[in-house]
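Structure data (CSV, C-alpha atoms) from query.csv:
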chain,number,residue,atom,x,y,z
A,1,MET,CA,-5.5,20.5,-11.7
A,2,GLY,CA,-8.5,21.9,-13.5
A,3,TYR,CA,-10.6,18.8,-13.9
A,4,ASP,CA,-14.4,19.1,-13.8
A,5,ARG,CA,-15.7,17.8,-10.5
A,6,SER,CA,-18.7,16.2,-12.3
A,7,TRP,CA,-16.2,13.7,-13.8
A,8,PHE,CA,-15.6,12.1,-10.5
A,9,ALA,CA,-17.8,9.5,-8.7
A,10,GLY,CA,-15.5,9.5,-5.7
A,11,CYS,CA,-12.4,7.7,-4.7
A,12,VAL,CA,-11.2,4.6,-2.9
A,13,THR,CA,-7.8,4.6,-1.3
A,14,SER,CA,-5.6,1.9,0.2
A,15,GLY,CA,-6.6,3.4,3.6
A,16,ASP,CA,-10.2,2.8,2.7
A,17,VAL,CA,-9.3,-0.8,2.0
A,18,ALA,CA,-7.5,-1.1,5.3
A,19,ARG,CA,-10.5,0.3,7.2
A,20,ALA,CA,-12.9,-2.1,5.4
A,21,VAL,CA,-10.6,-5.1,6.1
A,22,LEU,CA,-10.4,-4.2,9.8
A,23,THR,CA,-14.1,-3.6,10.3
A,24,THR,CA,-15.6,-6.4,8.2
A,25,ARG,CA,-17.7,-8.8,10.3
A,26,GLU,CA,-18.5,-12.5,9.8
A,27,GLY,CA,-21.5,-12.9,7.5
A,28,ASP,CA,-20.8,-9.7,5.6
A,29,ASP,CA,-21.0,-10.2,1.8
A,30,THR,CA,-18.2,-7.9,0.8
A,31,ALA,CA,-15.5,-7.6,-1.8
A,32,ILE,CA,-13.0,-7.9,0.9
A,33,LEU,CA,-14.2,-11.4,1.8
A,34,ARG,CA,-14.5,-12.6,-1.8
A,35,SER,CA,-11.0,-11.4,-2.9
A,36,ASP,CA,-8.6,-12.8,-0.4
A,37,GLY,CA,-9.5,-15.9,1.6
A,38,ARG,CA,-6.0,-16.3,3.0
A,39,MET,CA,-6.0,-12.8,4.5
A,40,TRP,CA,-9.4,-13.6,6.1
A,41,SER,CA,-7.9,-16.5,7.9
A,42,ASP,CA,-4.5,-14.9,8.7
A,43,VAL,CA,-5.9,-12.0,10.7
A,44,GLN,CA,-9.3,-13.6,11.7
A,45,LEU,CA,-11.3,-11.1,9.7
A,46,GLY,CA,-14.9,-11.0,10.9
A,47,SER,CA,-14.0,-11.8,14.5
A,48,ASP,CA,-14.9,-9.6,17.4
A,49,GLU,CA,-11.7,-10.6,19.2
A,50,PRO,CA,-9.0,-7.8,19.5
A,51,LEU,CA,-6.3,-7.7,16.8
A,52,ARG,CA,-3.1,-6.6,18.4
A,53,CYS,CA,-1.0,-4.8,15.7
A,54,LEU,CA,2.6,-3.7,15.6
A,55,HIS,CA,1.9,-0.4,13.8
A,56,LEU,CA,4.5,1.3,11.6
A,57,THR,CA,3.5,4.8,10.3
A,58,TRP,CA,4.8,8.3,9.3
A,59,SER,CA,6.4,11.0,11.4
A,60,GLN,CA,8.5,13.7,9.7
A,61,ARG,CA,7.0,13.1,6.3
A,62,GLY,CA,3.6,13.3,7.9
A,63,ALA,CA,4.6,16.6,9.5
A,64,LYS,CA,4.9,18.1,6.1
A,65,ASP,CA,1.3,17.4,5.5
A,66,GLY,CA,0.2,19.0,8.8
A,67,PHE,CA,0.7,16.2,11.3
A,68,LYS,CA,2.8,16.5,14.4
A,69,THR,CA,5.9,14.3,14.8
A,70,LYS,CA,4.4,12.8,18.0
A,71,GLN,CA,0.6,12.6,17.8
A,72,THR,CA,-2.2,10.8,19.5
A,73,ILE,CA,-3.8,8.0,17.4
A,74,ASP,CA,-7.6,7.6,17.2
A,75,LEU,CA,-8.5,4.0,16.7
A,76,GLY,CA,-12.2,4.7,17.1
A,77,GLU,CA,-13.0,3.7,13.4
A,78,THR,CA,-11.3,0.3,13.9
A,79,PRO,CA,-12.4,-0.8,17.4
A,80,ARG,CA,-10.9,-4.3,16.9
A,81,VAL,CA,-7.4,-2.9,16.6
A,82,GLU,CA,-5.2,-2.6,19.6
A,83,VAL,CA,-1.6,-1.3,19.6
A,84,ALA,CA,1.1,-3.9,20.4
A,85,ASN,CA,4.3,-2.2,21.7
A,86,ASP,CA,6.5,-5.0,20.3
A,87,PRO,CA,6.4,-7.9,17.9
A,88,GLU,CA,6.4,-10.5,20.6
A,89,SER,CA,2.9,-9.3,21.8
A,90,ALA,CA,1.5,-8.7,18.3
A,91,ASP,CA,-1.0,-10.7,16.2
A,92,ALA,CA,-0.1,-8.9,13.0
A,93,VAL,CA,2.0,-6.1,11.5
A,94,LEU,CA,0.1,-3.1,10.1
A,95,ILE,CA,2.0,-0.7,7.9
A,96,HIS,CA,0.9,2.8,7.0
A,97,GLY,CA,4.4,4.4,6.9
A,98,THR,CA,8.1,3.7,7.1
A,99,GLU,CA,9.6,6.1,9.8
A,100,ALA,CA,7.7,5.7,13.1
A,101,VAL,CA,6.1,3.2,15.4
A,102,THR,CA,2.9,3.6,17.4
A,103,ARG,CA,3.1,2.7,21.1
A,104,THR,CA,0.8,3.0,24.0
A,105,ASP,CA,1.8,4.6,27.3
A,106,GLU,CA,0.9,3.5,30.8
A,107,SER,CA,-2.5,5.1,30.5
A,108,GLY,CA,-3.3,3.3,27.2
A,109,VAL,CA,-3.0,6.3,25.0
A,110,ALA,CA,-1.5,5.5,21.6
A,111,GLU,CA,1.1,7.8,20.3
A,112,VAL,CA,3.5,8.0,17.3
A,113,HIS,CA,7.2,7.8,18.0
A,114,PRO,CA,9.8,8.4,15.3
A,115,ALA,CA,12.0,5.3,14.6
A,116,GLY,CA,15.2,5.1,12.6
A,117,GLU,CA,15.9,2.6,9.9
A,118,GLY,CA,17.8,0.3,12.2
A,119,GLU,CA,14.9,0.2,14.8
A,120,VAL,CA,12.3,-0.5,12.0
A,121,GLU,CA,14.4,-3.3,10.6
A,122,ASP,CA,14.8,-4.8,14.1
A,123,LEU,CA,11.1,-4.8,14.6
A,124,LEU,CA,10.5,-6.4,11.2
A,125,ARG,CA,13.2,-9.0,11.8
A,126,ARG,CA,11.5,-10.0,15.1
A,127,ALA,CA,8.1,-10.1,13.5
A,128,ALA,CA,9.3,-12.3,10.7
A,129,ALA,CA,10.8,-14.7,13.2
A,130,ARG,CA,7.3,-15.2,14.5
A,131,ASN,CA,5.8,-15.4,10.9
A,132,LEU,CA,3.4,-12.6,11.8
A,133,PRO,CA,0.9,-11.7,9.0
A,134,MET,CA,1.4,-8.2,7.5
A,135,LEU,CA,-1.2,-5.8,6.3
A,136,VAL,CA,0.3,-3.1,4.0
A,137,ALA,CA,-2.0,-0.1,3.8
A,138,ASN,CA,0.1,1.5,1.0
A,139,PRO,CA,2.0,-1.0,-1.1
A,140,ASP,CA,3.9,1.6,-3.2
A,141,LEU,CA,7.7,1.0,-3.1
A,142,VAL,CA,8.6,4.7,-3.7
A,143,THR,CA,6.9,8.0,-4.4
A,144,VAL,CA,8.0,11.3,-5.9
A,145,SER,CA,8.6,14.1,-3.3
A,146,GLY,CA,10.0,17.2,-5.1
A,147,GLU,CA,13.1,16.0,-6.9
A,148,GLU,CA,13.6,12.9,-4.7
A,149,LEU,CA,12.2,9.4,-4.5
A,150,VAL,CA,11.0,8.6,-1.0
A,151,ALA,CA,10.6,5.0,0.3
A,152,MET,CA,7.1,3.9,0.9
A,153,PRO,CA,5.5,1.0,2.9
A,154,GLY,CA,5.8,-1.5,0.1
A,155,SER,CA,9.6,-1.3,0.5
A,156,LEU,CA,9.2,-2.6,4.1
A,157,ALA,CA,6.9,-5.5,2.9
A,158,ARG,CA,9.6,-6.5,0.3
A,159,LYS,CA,12.3,-6.4,3.0
A,160,TYR,CA,10.1,-8.4,5.3
A,161,VAL,CA,10.1,-11.3,2.8
A,162,GLU,CA,13.4,-11.0,0.9
A,163,ASP,CA,15.7,-9.9,3.8
A,164,PHE,CA,14.0,-11.4,6.9
A,165,GLY,CA,12.5,-14.5,5.5
A,166,ALA,CA,8.8,-14.0,6.2
A,167,PRO,CA,6.5,-16.2,4.1
A,168,ARG,CA,5.3,-14.2,1.0
A,169,GLU,CA,1.8,-15.5,1.4
A,170,ARG,CA,1.6,-13.9,4.8
A,171,VAL,CA,2.0,-10.4,3.3
A,172,HIS,CA,-1.3,-8.8,2.3
A,173,LEU,CA,-1.3,-5.7,0.0
A,174,LEU,CA,-4.3,-3.5,0.6
A,175,GLY,CA,-3.7,-1.4,-2.5
A,176,LYS,CA,-2.3,-1.7,-6.0
A,177,PRO,CA,-1.3,-4.1,-7.5
A,178,SER,CA,-3.7,-6.3,-5.5
A,179,PRO,CA,-7.1,-6.8,-7.1
A,180,ILE,CA,-8.7,-6.0,-3.8
A,181,ILE,CA,-8.7,-2.2,-4.3
A,182,TYR,CA,-10.2,-2.4,-7.8
A,183,THR,CA,-12.8,-4.9,-6.6
A,184,LEU,CA,-13.8,-2.6,-3.7
A,185,ALA,CA,-14.0,0.5,-6.0
A,186,CYS,CA,-16.3,-1.4,-8.4
A,187,GLU,CA,-18.5,-2.5,-5.6
A,188,LYS,CA,-18.7,1.0,-4.0
A,189,PHE,CA,-19.7,2.8,-7.2
A,190,GLY,CA,-21.7,0.0,-8.8
A,191,ILE,CA,-19.4,-0.4,-11.8
A,192,PRO,CA,-19.2,-3.7,-13.6
A,193,LYS,CA,-15.7,-5.0,-13.8
A,194,GLY,CA,-14.0,-4.0,-17.1
A,195,GLU,CA,-16.8,-1.8,-18.4
A,196,ARG,CA,-15.1,1.1,-20.1
A,197,MET,CA,-12.4,1.0,-17.4
A,198,VAL,CA,-8.8,2.1,-17.6
A,199,ALA,CA,-6.1,2.5,-14.9
A,200,VAL,CA,-3.7,5.5,-15.0
A,201,GLY,CA,-0.4,5.7,-13.1
A,202,ASP,CA,3.3,6.1,-13.1
A,203,SER,CA,4.4,2.8,-11.4
A,204,LEU,CA,4.8,-0.2,-13.6
A,205,GLU,CA,5.0,-2.5,-10.6
A,206,HIS,CA,1.8,-1.2,-9.0
A,207,ASP,CA,-0.5,0.8,-11.3
A,208,ILE,CA,0.2,-1.1,-14.5
A,209,LYS,CA,0.7,-4.5,-13.0
A,210,GLY,CA,-2.4,-4.0,-11.0
A,211,ALA,CA,-4.4,-3.1,-14.1
A,212,ARG,CA,-3.1,-6.2,-15.9
A,213,GLN,CA,-3.9,-8.5,-13.0
A,214,PHE,CA,-7.4,-7.1,-12.8
A,215,GLY,CA,-7.9,-7.4,-16.5
A,216,ILE,CA,-8.3,-3.8,-17.6
A,217,ASP,CA,-6.5,-1.4,-19.9
A,218,SER,CA,-3.8,0.9,-18.6
A,219,VAL,CA,-2.2,4.3,-19.2
A,220,PHE,CA,1.5,4.5,-18.1
A,221,ILE,CA,2.8,8.0,-17.2
A,222,SER,CA,6.5,7.7,-18.1
A,223,ALA,CA,7.8,10.9,-16.5
A,224,GLY,CA,6.8,9.9,-13.0
A,225,ILE,CA,8.9,7.6,-10.7
A,226,HIS,CA,10.6,6.0,-13.7
A,227,GLY,CA,11.3,9.4,-15.3
A,228,ARG,CA,15.1,9.3,-15.0
A,229,GLN,CA,15.3,5.7,-16.2
A,230,LEU,CA,13.1,6.5,-19.3
A,231,HIS,CA,13.9,10.1,-20.1
A,232,GLY,CA,17.5,10.6,-19.1
A,233,PRO,CA,19.2,12.0,-16.0
A,234,ASP,CA,17.0,15.2,-15.9
A,235,GLY,CA,13.8,13.3,-16.8
A,236,LEU,CA,13.2,15.7,-19.7
A,237,GLY,CA,14.4,13.8,-22.8
A,238,ASP,CA,12.5,11.7,-25.2
A,239,LEU,CA,11.3,8.3,-24.2
A,240,ASP,CA,13.9,5.5,-24.3
A,241,ALA,CA,11.8,2.7,-25.9
A,242,GLU,CA,14.4,0.0,-25.2
A,243,ALA,CA,14.6,1.0,-21.5
A,244,LEU,CA,10.8,0.9,-21.3
A,245,ARG,CA,10.7,-2.6,-22.7
A,246,SER,CA,13.4,-3.7,-20.2
A,247,LEU,CA,11.5,-2.2,-17.3
A,248,CYS,CA,8.2,-3.7,-18.4
A,249,PHE,CA,9.8,-7.2,-18.7
A,250,GLU,CA,11.2,-6.8,-15.1
A,251,ALA,CA,7.9,-5.6,-13.6
A,252,LEU,CA,5.3,-7.3,-15.8
A,253,GLY,CA,6.9,-10.3,-17.5
A,254,GLU,CA,7.8,-11.1,-21.1
A,255,GLY,CA,5.6,-9.5,-23.7
A,256,SER,CA,3.6,-7.3,-21.3
A,257,MET,CA,3.3,-3.6,-22.0
A,258,PRO,CA,0.9,-0.8,-20.9
A,259,THR,CA,-2.0,-0.2,-23.2
A,260,ILE,CA,-1.0,3.4,-23.7
A,261,VAL,CA,2.2,5.3,-22.7
A,262,SER,CA,2.1,9.1,-22.1
A,263,LYS,CA,4.9,11.3,-20.7
A,264,HIS,CA,2.6,13.4,-18.6
A,265,PHE,CA,-1.0,13.1,-17.4
A,266,GLU,CA,-2.7,15.9,-19.4
Starting from the file, give its structure as structure tokens.
Amino acid sequence: MGYDRSWFAGCVTSGDVARAVLTTREGDDTAILRSDGRMWSDVQLGSDEPLRCLHLTWSQRGAKDGFKTKQTIDLGETPRVEVANDPESADAVLIHGTEAVTRTDESGVAEVHPAGEGEVEDLLRRAAARNLPMLVANPDLVTVSGEELVAMPGSLARKYVEDFGAPRERVHLLGKPSPIIYTLACEKFGIPKGERMVAVGDSLEHDIKGARQFGIDSVFISAGIHGRQLHGPDGLGDLDAEALRSLCFEALGEGSMPTIVSKHFE
């Protein structure tokens, strides 16, 4: 995109948060421990005991990024995690994607198997019946893929609570809008919270709400996932200010708006 590399200290993704959560040990003084005590107890963070996870992930969408539809999963970076083939044998649900489930074969090799919407919903329903805690490694509801909006893992987390009755407090978001990802980024790069800090994004419910909950300024990119709602059917028109106020009220609450609104990130 033409940005100077010297402007970047690095990055922290929701995947980094998931890795940190699943490798934290008792006695560690980390942002993960300080930010979410309920998650610590729900999945026994800090324990050396195995954590058996029902793992939902990507298949076809991943293939567009160079992954095979059926691929071997390397769990070496998270030695505590073991794959559970069904909700009944799982300790928790771990979500990276929406269209496949990881299963182990008779020899113990973990592989990704595509799963249709009905199969995924059945797994979630059975997991909710057991009140299994859920770790959501990417809480976005949708993302832009070409001209389409594609469902993201956050949509499964919402369904887990709203459609299947899982307790909301058992769902742990490992990315925006949870403060956990901002806290980890500040800790990693030695940045005091709030010091000349701004969050930029196109999701009111994640980027802007996350900034608000963390107590920092925000820049909302209006032509992103909300483009057709705010700029007309083709996403090319002027900003509809009333539509923006309505969306902000729905996502952020009364009287809450982004600090700055820009149609594009440029």
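In this model, the gap between CA of Gln60 (chain A) and CA of Leu123 (chain A) comes to 19.3 Å.
The nearest approach to Thr102 (chain A) among the residues A:Ala129, A:Val142, A:Leu54, A:Leu22, with only C-alpha atoms taken into account, belongs to A:Leu54.
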Inset, instruction - Enter the distance from CA of Arg125 (chain A) to CA of Tyr160 (chain A), in Å, rounded to one decimal. - result: 7.2 Å
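With CA of His172 (chain A) on one side and CA of Ala84 (chain A) on the other, the separation reads 18.9 Å.
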Legend entry - Selection near region 198-204 of chain A, 7 Å with only C-alpha atoms, sequence-local residues under 6 positions removed, as JSON, numbers by chain: {"A": [211, 216, 217, 218, 219, 220, 221, 222, 224, 225, 248, 251]}
For the residues in the current selection, export C-alpha atoms as a PDB file, keeping the file's coordinate frame.
ATOM      1  CA  ALA A 211      -4.400  -3.100 -14.100  1.00  0.00           C
ATOM      2  CA  ILE A 216      -8.300  -3.800 -17.600  1.00  0.00           C
ATOM      3  CA  ASP A 217      -6.500  -1.400 -19.900  1.00  0.00           C
ATOM      4  CA  SER A 218      -3.800   0.900 -18.600  1.00  0.00           C
ATOM      5  CA  VAL A 219      -2.200   4.300 -19.200  1.00  0.00           C
ATOM      6  CA  PHE A 220       1.500   4.500 -18.100  1.00  0.00           C
ATOM      7  CA  ILE A 221       2.800   8.000 -17.200  1.00  0.00           C
ATOM      8  CA  SER A 222       6.500   7.700 -18.100  1.00  0.00           C
ATOM      9  CA  GLY A 224       6.800   9.900 -13.000  1.00  0.00           C
ATOM     10  CA  ILE A 225       8.900   7.600 -10.700  1.00  0.00           C
ATOM     11  CA  CYS A 248       8.200  -3.700 -18.400  1.00  0.00           C
ATOM     12  CA  ALA A 251       7.900  -5.600 -13.600  1.00  0.00           C
TER      13      ALA A 251
END
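Ranking A:Thr104, A:Thr98, A:Thr78, A:Ser262 by their shortest atom-to-atom distance to Val150 (chain A), with all atoms listed in the file included, puts A:Thr98 first.
Here the question is which of A:His264, A:Val101, A:Gly227, A:Ile95 gets nearest to Glu147 (chain A) using only C-alpha atoms, and that residue is A:Gly227.
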Legend entry - Shell of 12 Å around Gly253 (chain A), only C-alpha atoms, local chain residues under 5 positions omitted, as a PyMOL selection string: chain A and resi 204-205+208-209+212-213+245-248+258
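Ranking A:Glu117, A:Glu254, A:Asp4, A:Asp207 by their shortest atom-to-atom distance to Ile181 (chain A), with all atoms listed in the file included, puts A:Asp207 first.
By chain and then residue number, the residues within 12 Å of Val161 (chain A) are A:Glu121, A:Leu124, A:Arg125, A:Ala127, A:Ala128, A:Ala129, A:Asn131, A:Leu132, A:Pro133, A:Met134, A:Gly154, A:Ser155, A:Leu156, A:Ala157, A:Gly165, A:Ala166, A:Pro167, A:Arg168, A:Glu169, A:Arg170, A:Val171, A:His172, counting all atoms listed in the file and disregarding those fewer than 4 positions away in sequence.
When only C-alpha atoms are used to compute distances to Glu77 (chain A), the closest of the residues A:Val21, A:Glu119, A:Val43, A:Asp105 turns out to be A:Val21.
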Inset, instruction - Skip Pro79 (chain A) itself and residues of its chain fewer than 4 positions away, then list as JSON, numbers by chain all residues within 12 Å of it, counting only C-alpha atoms. - result: {"A": [19, 22, 23, 24, 25, 47, 48, 49, 50, 51, 52, 74, 75, 83]}
Legend entry - Residue with smallest distance to Val144 (chain A) - pool A:Lys188, A:Arg103, A:Arg228, A:Arg130, counting all atoms listed in the file: A:Arg228
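Residues in contact range of Gly210 (chain A), defined as at most 7 Å between all atoms listed in the file, with sequence neighbours fewer than 5 positions away removed, read Lys176, Pro177, Ser178 and Pro179 of chain A.
With distances taken from (10.9, 8.0, -20.0) and restricted to all atoms listed in the file, the residues inside 9 Å are Ile221, Ser222, Ala223, Gly224, His226, Gly227, Arg228, Gln229, Leu230, His231, Gly232, Gly235, Leu236, Gly237, Asp238, Leu239, Asp240, Ala241, Ala243, Leu244 and Lys263 of chain A.
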